[in-house]
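K.L.:
This one is structure25.txt, compact mmCIF, C-alpha atoms.
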```
# COMPACT_ATOMS: atom_id res chain seq x y z
CA MET A 1367 7.83 -40.48 -20.93
CA SER A 1368 11.20 -38.94 -20.12
CA TYR A 1369 13.88 -40.78 -18.10
CA ARG A 1370 13.52 -38.37 -15.16
CA LYS A 1371 9.72 -38.64 -15.04
CA THR A 1372 9.93 -42.43 -15.20
CA LEU A 1373 12.43 -42.46 -12.34
CA LYS A 1374 10.12 -40.31 -10.18
CA LEU A 1375 7.14 -42.50 -10.97
CA ILE A 1376 8.91 -45.70 -9.99
CA CYS A 1377 10.25 -44.07 -6.83
CA GLY A 1378 6.75 -43.05 -5.84
CA PHE A 1379 5.30 -46.52 -6.37
CA ALA A 1380 8.00 -48.81 -5.10
CA GLY A 1381 10.60 -46.83 -3.16
CA GLY A 1382 14.37 -46.83 -3.37
CA SER A 1383 14.77 -50.52 -4.21
CA ALA A 1384 12.80 -50.10 -7.43
CA VAL A 1385 14.91 -47.08 -8.34
CA LEU A 1386 18.05 -49.20 -8.05
CA VAL A 1387 16.55 -51.84 -10.33
CA PHE A 1388 15.49 -49.25 -12.89
CA ALA A 1389 18.87 -47.52 -12.82
CA ALA A 1390 20.64 -50.82 -13.37
CA ALA A 1391 18.36 -51.62 -16.31
CA ALA A 1392 19.03 -48.21 -17.85
CA ALA A 1393 22.78 -48.66 -17.44
CA ASP A 1394 22.56 -52.06 -19.06
CA SER A 1395 20.67 -50.73 -22.06
CA ARG A 1396 23.37 -48.11 -22.62
CA GLY A 1397 26.18 -50.66 -22.47
CA PHE A 1398 27.72 -49.52 -19.19
CA PHE A 1399 28.20 -53.09 -18.00
CA GLY A 1400 30.33 -53.89 -21.07
CA ASP A 1401 31.12 -57.26 -22.67
CA ARG A 1402 32.82 -60.25 -21.16
CA GLY A 1403 35.08 -62.32 -23.45
CA GLY A 1404 33.39 -60.96 -26.58
CA GLU A 1405 29.92 -61.98 -25.35
CA ARG A 1406 27.33 -59.82 -23.74
CA VAL A 1407 26.93 -60.54 -20.02
CA SER A 1408 23.60 -62.18 -19.32
CA ARG A 1409 20.86 -59.75 -18.38
CA TRP A 1410 20.19 -61.18 -14.92
CA SER A 1411 23.84 -61.49 -13.90
CA ARG A 1412 24.25 -57.76 -14.34
CA PHE A 1413 21.88 -57.17 -11.45
CA ALA A 1414 24.46 -58.57 -9.04
CA VAL A 1415 25.29 -54.92 -8.38
CA LEU A 1416 22.05 -54.75 -6.40
CA GLN A 1417 22.97 -57.46 -3.93
CA ALA A 1418 24.65 -55.02 -1.54
CA ALA A 1419 21.45 -52.99 -1.31
CA GLN A 1420 18.99 -55.87 -1.60
CA PRO A 1421 19.76 -58.83 0.72
CA ALA A 1422 18.53 -62.20 -0.45
CA TRP A 1423 14.89 -62.67 0.50
CA SER A 1424 13.41 -65.79 1.96
CA PRO A 1425 10.36 -66.26 4.17
CA ALA A 1426 12.53 -67.47 7.03
CA SER A 1427 14.85 -64.47 7.01
CA HIS A 1428 11.94 -62.03 7.26
CA THR A 1429 10.06 -63.81 10.00
CA PRO A 1430 11.03 -63.34 13.67
CA THR A 1431 12.04 -66.61 15.24
CA PRO A 1432 10.03 -67.51 18.37
CA THR A 1433 12.08 -68.02 21.49
CA GLY A 1434 10.19 -71.19 22.32
CA HIS A 1435 9.11 -69.85 25.71
CA ALA A 1436 5.32 -69.83 26.01
CA TRP A 1437 3.56 -67.33 28.27
CA ASP A 1438 3.33 -68.69 31.80
CA PHE A 1439 -0.21 -67.93 32.96
CA ASN A 1440 0.69 -69.04 36.47
CA TRP A 1441 3.65 -66.65 36.76
CA ASP A 1442 2.26 -65.21 40.03
CA LYS A 1443 1.16 -68.62 41.39
CA ARG A 1444 -2.44 -67.37 41.49
CA ASP A 1445 -3.94 -69.13 38.47
CA PRO A 1446 -7.32 -70.50 39.67
CA SER A 1447 -6.86 -73.81 37.87
CA ALA A 1448 -3.51 -74.33 39.59
CA LEU A 1449 -4.93 -73.39 42.97
CA THR A 1450 -7.76 -75.93 42.81
CA ASN A 1451 -5.84 -78.82 41.25
CA GLY A 1452 -4.94 -81.45 43.81
CA LYS A 1453 -7.08 -79.86 46.50
CA LYS A 1454 -8.87 -82.29 48.74
CA LYS A 1455 -12.62 -81.88 48.46
CA GLU A 1456 -14.44 -81.50 51.73
CA ASN A 1457 -17.74 -82.31 50.08
CA ALA A 1458 -17.95 -85.14 47.58
CA THR A 1459 -20.91 -83.49 45.86
CA GLU A 1460 -19.10 -80.18 45.43
CA ASP A 1461 -18.87 -78.99 41.83
CA PRO A 1462 -15.19 -78.40 40.93
CA THR A 1463 -16.23 -75.89 38.26
CA SER A 1464 -18.06 -73.82 40.86
CA GLU A 1465 -15.06 -73.91 43.17
CA GLN A 1466 -12.80 -72.68 40.39
CA ASN A 1467 -15.19 -69.86 39.48
CA ASN A 1468 -15.27 -68.69 43.09
CA SER A 1469 -11.48 -68.47 43.19
CA LYS A 1470 -11.24 -66.73 39.81
CA PRO A 1471 -10.16 -63.05 39.86
CA LYS A 1472 -12.65 -60.66 38.27
CA ALA A 1473 -10.93 -57.29 38.53
CA THR A 1474 -8.00 -55.70 36.73
CA ARG A 1475 -5.11 -54.16 38.64
CA ASN A 1476 -3.48 -51.02 37.27
CA ILE A 1477 -0.11 -50.31 38.83
CA LEU A 1478 1.48 -46.92 38.18
CA LEU A 1479 5.18 -47.02 38.98
CA ILE A 1480 6.65 -43.56 39.59
CA ARG A 1481 10.37 -42.88 39.63
CA HIS A 1482 11.37 -40.41 42.36
CA SER A 1483 12.28 -36.85 41.37
CA GLN A 1484 15.76 -35.36 41.04
CA TYR A 1485 17.71 -35.36 44.32
CA ASN A 1486 20.95 -34.11 45.85
CA LEU A 1487 23.64 -36.47 44.57
CA SER A 1488 26.32 -35.04 46.83
CA GLY A 1489 24.63 -36.21 50.03
CA ASN A 1490 26.66 -38.63 52.15
CA SER A 1491 23.71 -40.40 53.75
CA ASP A 1492 20.19 -41.15 52.62
CA LYS A 1493 18.81 -38.36 54.84
CA GLU A 1494 21.01 -35.86 53.01
CA LYS A 1495 19.87 -37.02 49.58
CA ILE A 1496 16.82 -34.79 49.55
CA LEU A 1497 14.98 -33.48 46.51
CA THR A 1498 16.48 -30.52 44.70
CA PRO A 1499 14.26 -27.48 43.94
CA LEU A 1500 13.88 -28.88 40.42
CA GLY A 1501 13.03 -32.28 41.89
CA ARG A 1502 10.22 -30.75 43.91
CA GLU A 1503 8.89 -29.12 40.74
CA GLN A 1504 9.01 -32.48 38.98
CA ALA A 1505 7.01 -34.12 41.78
CA GLU A 1506 4.40 -31.37 41.50
CA LEU A 1507 4.12 -31.96 37.76
CA THR A 1508 3.80 -35.72 38.26
CA GLY A 1509 1.09 -35.19 40.87
CA GLN A 1510 -0.79 -32.88 38.52
CA ARG A 1511 -0.55 -35.45 35.75
CA LEU A 1512 -1.91 -38.22 37.96
CA ALA A 1513 -4.80 -35.98 38.98
CA ALA A 1514 -5.52 -35.07 35.36
CA LEU A 1515 -5.93 -38.75 34.48
CA GLY A 1516 -9.15 -38.69 36.51
CA LEU A 1517 -8.63 -42.11 38.06
CA LYS A 1518 -9.84 -43.30 41.44
CA TYR A 1519 -6.64 -44.28 43.21
CA ASP A 1520 -6.74 -46.88 45.95
CA VAL A 1521 -3.34 -46.64 47.60
CA LEU A 1522 -0.01 -44.80 47.35
CA ILE A 1523 2.95 -46.99 48.30
CA HIS A 1524 6.47 -45.61 48.43
CA SER A 1525 10.04 -46.65 49.11
CA SER A 1526 11.34 -45.67 52.54
CA MET A 1527 14.32 -43.82 51.02
CA THR A 1528 14.20 -40.04 51.50
CA ARG A 1529 13.96 -39.07 47.82
CA ALA A 1530 11.03 -41.44 47.23
CA THR A 1531 9.28 -40.44 50.46
CA GLU A 1532 9.49 -36.73 49.60
CA THR A 1533 8.27 -37.40 46.06
CA ALA A 1534 5.31 -39.41 47.38
CA ASN A 1535 4.37 -36.73 49.90
CA ILE A 1536 4.21 -34.07 47.19
CA ILE A 1537 2.24 -36.32 44.84
CA SER A 1538 -0.24 -37.20 47.60
CA LYS A 1539 -1.51 -33.60 47.61
CA TYR A 1540 -2.93 -34.14 44.13
CA ILE A 1541 -4.54 -37.53 44.63
CA PRO A 1542 -8.30 -36.97 44.37
CA GLY A 1543 -10.77 -38.49 46.79
CA PRO A 1544 -10.55 -39.25 50.50
CA GLY A 1545 -9.11 -42.34 52.08
CA VAL A 1546 -6.08 -42.96 49.86
CA GLU A 1547 -3.65 -44.71 52.17
CA LEU A 1548 0.04 -43.72 52.17
CA VAL A 1549 2.16 -46.83 52.76
CA ARG A 1550 5.92 -46.92 53.39
CA CYS A 1551 7.89 -50.03 52.35
CA ASP A 1552 11.55 -50.97 52.84
CA LEU A 1553 11.41 -53.65 50.14
CA LEU A 1554 11.14 -50.94 47.48
CA ARG A 1555 14.46 -49.30 48.31
CA GLU A 1556 16.94 -48.85 45.47
CA GLY A 1557 19.47 -51.59 44.81
CA ALA A 1558 21.11 -53.96 42.35
CA PRO A 1559 18.43 -56.48 41.30
CA ILE A 1560 20.50 -58.74 39.05
CA GLU A 1561 23.77 -58.46 37.16
CA PRO A 1562 22.90 -56.76 33.86
CA VAL A 1563 23.56 -58.23 30.42
CA PRO A 1564 25.39 -56.81 28.58
CA PRO A 1565 27.63 -55.67 31.44
CA VAL A 1566 28.53 -52.02 31.93
CA THR A 1567 31.83 -50.54 33.08
CA HIS A 1568 30.56 -47.48 34.97
CA TRP A 1569 28.59 -49.42 37.58
CA LYS A 1570 29.85 -52.68 39.14
CA PRO A 1571 28.33 -53.65 42.49
CA ASP A 1572 29.88 -56.47 44.47
CA ALA A 1573 28.41 -59.95 44.12
CA VAL A 1574 27.11 -59.77 47.68
CA GLN A 1575 25.07 -56.68 46.79
CA TYR A 1576 23.36 -58.50 43.95
CA HIS A 1577 22.75 -61.40 46.30
CA GLU A 1578 21.13 -59.26 49.01
CA ASP A 1579 19.39 -56.60 46.91
CA GLY A 1580 18.19 -59.11 44.34
CA ALA A 1581 16.32 -61.18 46.91
CA ARG A 1582 14.74 -58.07 48.44
CA ILE A 1583 13.64 -56.56 45.11
CA GLU A 1584 12.26 -59.92 43.98
CA ALA A 1585 10.30 -60.08 47.25
CA ALA A 1586 8.90 -56.62 46.47
CA PHE A 1587 7.87 -57.81 43.01
CA ARG A 1588 6.02 -60.82 44.45
CA ARG A 1589 4.27 -58.65 47.03
CA TYR A 1590 3.02 -55.95 44.67
CA ILE A 1591 2.95 -57.32 41.12
CA HIS A 1592 0.28 -60.01 40.75
CA ARG A 1593 -3.30 -60.42 39.59
CA ALA A 1594 -6.19 -59.25 41.74
CA ASP A 1595 -7.53 -61.21 44.67
CA PRO A 1596 -10.80 -63.04 43.87
CA LYS A 1597 -12.52 -60.92 46.55
CA GLN A 1598 -11.68 -57.71 44.66
CA LYS A 1599 -14.80 -56.64 42.79
CA GLU A 1600 -13.71 -53.45 41.03
CA ASP A 1601 -10.65 -52.50 38.99
CA SER A 1602 -7.96 -50.83 41.09
CA TYR A 1603 -5.41 -48.07 40.46
CA GLU A 1604 -2.37 -48.26 42.70
CA ILE A 1605 0.58 -45.86 42.77
CA ILE A 1606 4.07 -47.06 43.74
CA VAL A 1607 6.81 -44.43 44.10
CA CYS A 1608 10.25 -46.03 44.03
CA HIS A 1609 13.44 -46.19 41.95
CA ALA A 1610 14.67 -46.74 38.41
CA ASN A 1611 16.37 -50.10 39.01
CA VAL A 1612 13.35 -51.46 40.86
CA ILE A 1613 10.89 -50.29 38.18
CA ARG A 1614 12.94 -51.67 35.30
CA TYR A 1615 13.31 -55.02 37.00
CA PHE A 1616 9.55 -55.12 37.71
CA VAL A 1617 8.79 -54.45 34.04
CA CYS A 1618 11.07 -57.25 32.83
CA ARG A 1619 9.65 -59.73 35.32
CA ALA A 1620 6.02 -58.79 34.70
CA LEU A 1621 6.36 -59.09 30.91
CA GLN A 1622 8.38 -62.31 31.29
CA PHE A 1623 11.36 -60.75 29.54
CA PRO A 1624 14.86 -61.78 30.61
CA PRO A 1625 15.32 -59.88 33.90
CA GLU A 1626 19.01 -59.34 33.23
CA GLY A 1627 17.98 -56.90 30.47
CA TRP A 1628 16.67 -54.31 32.96
CA LEU A 1629 19.57 -51.88 32.42
CA ARG A 1630 18.80 -51.55 28.71
CA MET A 1631 15.98 -49.15 29.59
CA GLY A 1632 16.19 -45.58 30.86
CA LEU A 1633 13.70 -43.64 32.99
CA ASN A 1634 13.40 -39.91 33.63
CA ASN A 1635 12.86 -38.55 37.12
CA GLY A 1636 9.17 -38.30 37.97
CA SER A 1637 8.18 -40.50 35.02
CA ILE A 1638 5.17 -42.82 35.00
CA THR A 1639 5.33 -46.50 34.05
CA TRP A 1640 1.91 -48.16 33.87
CA LEU A 1641 1.38 -51.92 34.15
CA THR A 1642 -2.01 -53.56 33.72
CA ILE A 1643 -2.64 -57.04 35.11
CA ARG A 1644 -5.79 -58.79 33.85
CA PRO A 1645 -7.73 -61.42 35.81
CA SER A 1646 -6.43 -64.04 33.37
CA GLY A 1647 -2.84 -63.23 34.33
CA ARG A 1648 -2.08 -61.36 31.12
CA VAL A 1649 0.15 -58.32 31.64
CA ALA A 1650 0.35 -55.23 29.46
CA LEU A 1651 2.73 -52.27 29.58
CA ARG A 1652 0.65 -49.18 28.85
CA THR A 1653 3.46 -46.66 29.30
CA LEU A 1654 7.17 -46.90 30.05
CA GLY A 1655 8.84 -43.88 31.65
CA ASP A 1656 6.21 -41.41 30.44
CA ALA A 1657 7.41 -37.87 31.13
CA GLY A 1658 5.79 -36.10 28.20
CA PHE A 1659 3.74 -34.00 30.60
CA MET A 1660 6.91 -32.19 31.74
CA PRO A 1661 8.48 -29.25 29.88
CA ALA A 1662 11.74 -30.16 28.18
CA ASP A 1663 13.79 -28.00 30.55
CA LYS A 1664 12.44 -29.97 33.55
CA LEU A 1665 13.57 -33.40 32.34
CA THR A 1666 16.42 -35.17 34.17
CA ARG A 1667 17.63 -38.74 34.66
CA THR A 1668 19.77 -38.55 37.79
```
Show me this structure written as structure tokens.

P.N.:
Amino acid sequence: MSYRKTLKLICGFAGGSAVLVFAAAAADSRGFFGDRGGERVSRWSRFAVLQAAQPAWSPASHTPTPTGHAWDFNWDKRDPSALTNGKKKENATEDPTSEQNNSKPKATRNILLIRHSQYNLSGNSDKEKILTPLGREQAELTGQRLAALGLKYDVLIHSSMTRATETANIISKYIPGPGVELVRCDLLREGAPIEPVPPVTHWKPDAVQYHEDGARIEAAFRRYIHRADPKQKEDSYEIIVCHANVIRYFVCRALQFPPEGWLRMGLNNGSITWLTIRPSGRVALRTLGDAGFMPADKLTRT
């Protein structure tokens, strides 16, 4: 078999690393490594040339190191076992297992977090920061996407800021089925949730803003992001139209990631972020900033 054919064969079976090994062996056989002090260099020492391309392997270096932080199943303070522990029994014959089953959630909550559409950045006040013509198109596309999912939505909650309110009003036209309540909430307004790590130079709110906004946005998280109430019998699908900082902070908190990492993510206008909260308290991120339903020329991140 020719040298070239052998090289192609090894590349196909083992990839670039094997090619480096084979090339080094071929060079050795042709004397390219030379002699050292009149003696041939040992065969294995000649492969030191590969160390730059092949880092030393050990099981530890190829295995992610756990952080040591276990999943907190009572992150929302609604774990049935935690709710019943220490409770005074009114009836001595009452079965504690039955009590726990009655307080156990049975439904899954699906929370679809929508970032508002593009808005007028030159506005001086919130009332002047209305959606641009493109922003209104984006809201239409987001509404169409939500309708196409074919889900039975239970409620549409939105920030009280103008850009979020206008986005929610446009989306509401596409929500199928009667009786979907439109709820306005001041807690969901945009703000500075927590000082980001690593820090950035283009955006530096005052410490007092983090102090005030952080408490408000955390309150919004505790109000809206939690497992279902035990009385809820069916899975729910809830839409929340708000802002990029709020959504990114919610995602970090819900997944029990360090909340100060929220600014490491980016979200397009009108994008959909989908959180699922199981009765057990497990949380899954189904989509983050999904905007694939929009044409490329409609995508913005203002």

K.L.:
Find the residue from A:Val1612, A:Ile1536, A:Ala1581, A:Ala1505 that sits nearest to A:Gly1636; use only C-alpha atoms when measuring.

P.N.:
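When distances to A:Gly1636 are compared using only C-alpha atoms, the smallest one comes from A:Ala1505.
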
K.L.:
To one decimal in Å, tell me the separation between atom CA of A:Ser1483 and atom CA of A:Leu1548.

P.N.:
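Separation of atom CA of A:Ser1483 and atom CA of A:Leu1548: 17.7 Å.
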
K.L.:
Could you check the closest approach to A:Ser1469 for each of A:Leu1487, A:Ile1541, A:Leu1654, A:Ala1448 and tell me which residue wins, using all atoms listed in the file?

P.N.:
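When distances to A:Ser1469 are compared using all atoms listed in the file, the smallest one comes from A:Ala1448.
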
K.L.:
Hey, can you pull every residue with an atom no more than 8 Å from (5.7, -59.5, 36.0), using all atoms listed in the file, and send it as a CSV table (one decimal) with C-alpha atoms, keeping the file's coordinate frame?

P.N.:
```
chain,number,residue,atom,x,y,z
A,1441,TRP,CA,3.6,-66.6,36.8
A,1442,ASP,CA,2.3,-65.2,40.0
A,1587,PHE,CA,7.9,-57.8,43.0
A,1591,ILE,CA,3.0,-57.3,41.1
A,1592,HIS,CA,0.3,-60.0,40.8
A,1616,PHE,CA,9.6,-55.1,37.7
A,1617,VAL,CA,8.8,-54.4,34.0
A,1618,CYS,CA,11.1,-57.2,32.8
A,1619,ARG,CA,9.6,-59.7,35.3
A,1620,ALA,CA,6.0,-58.8,34.7
A,1621,LEU,CA,6.4,-59.1,30.9
A,1622,GLN,CA,8.4,-62.3,31.3
A,1649,VAL,CA,0.2,-58.3,31.6
```

K.L.:
Which residues are close to A:Leu1449, i.e. within 10 Å by all atoms listed in the file, leaving aside same-chain residues fewer than 5 positions away? Reply as a PDB file with C-alpha atoms, in the frame of the given file.

P.N.:
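Now in out.pdb:
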```
ATOM      1  CA  ASN A1440       0.690 -69.040  36.470  1.00  0.00           C
ATOM      2  CA  LYS A1443       1.160 -68.620  41.390  1.00  0.00           C
ATOM      3  CA  ARG A1444      -2.440 -67.370  41.490  1.00  0.00           C
ATOM      4  CA  GLN A1466     -12.800 -72.680  40.390  1.00  0.00           C
ATOM      5  CA  SER A1469     -11.480 -68.470  43.190  1.00  0.00           C
ATOM      6  CA  LYS A1470     -11.240 -66.730  39.810  1.00  0.00           C
TER       7      LYS A1470
END
```

K.L.:
Between atom CA of A:His1577 and atom CA of A:Arg1667, what is the spacing in Å?

P.N.:
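Distance between the two atoms: 26.0 Å.
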
K.L.:
Quick one: everything within 12 Å of A:Val1574, counting all atoms listed in the file, minus sequence neighbours fewer than 4 positions away in the same chain. Send it as a compact mmCIF listing (two decimals) with C-alpha atoms, in the coordinates of the input.

P.N.:
```txt
# COMPACT_ATOMS: atom_id res chain seq x y z
CA GLY A 1557 19.47 -51.59 44.81
CA ALA A 1558 21.11 -53.96 42.35
CA PRO A 1559 18.43 -56.48 41.30
CA ILE A 1560 20.50 -58.74 39.05
CA GLU A 1561 23.77 -58.46 37.16
CA LYS A 1570 29.85 -52.68 39.14
CA GLU A 1578 21.13 -59.26 49.01
CA ASP A 1579 19.39 -56.60 46.91
CA GLY A 1580 18.19 -59.11 44.34
CA ALA A 1581 16.32 -61.18 46.91
```

K.L.:
Could you check how far atom CA of A:Tyr1485 sits from atom CA of A:Asp1663, in Å to one decimal?

P.N.:
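Distance between the two atoms: 16.1 Å.
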
K.L.:
Determine, counting all atoms listed in the file, which protein, DNA and RNA residues have an atom within 12 Å of an atom of A:Asn1486; residues of the same chain fewer than 5 positions away are not included. Present the result as a ChimeraX atom specification.

P.N.:
/A:1491-1502,1528-1529,1668

K.L.:
Take the point (13.2, -46.9, 47.4) in the file's coordinates, draw a sphere of radius 8 Å around it, and report as an MDAnalysis selection string every protein, DNA or RNA residue with an atom inside or on it, counting all atoms listed in the file.

P.N.:
chainID A and resid 1524:1527 1529:1530 1551:1556 1607:1609 1612

K.L.:
Name the closest residue to A:Gly1509 among the candidates A:Thr1433, A:Thr1666, A:Thr1639, A:Thr1533; distances are taken between atoms, counting all atoms listed in the file.

P.N.:
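Result for the nearest residue to A:Gly1509: A:Thr1533.
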
K.L.:
Pick out the closest residue to A:Pro1542 from this set: A:Val1563, A:Leu1633, A:Ala1586, A:Val1521. Count only C-alpha atoms.

P.N.:
A:Val1521

K.L.:
Pick out the closest residue to A:Ala1473 from this set: A:Gly1647, A:Pro1661, A:Pro1596, A:Pro1565. Count all atoms listed in the file.

P.N.:
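Comparing A:Gly1647, A:Pro1661, A:Pro1596, A:Pro1565 against A:Ala1473, the winner is A:Pro1596.
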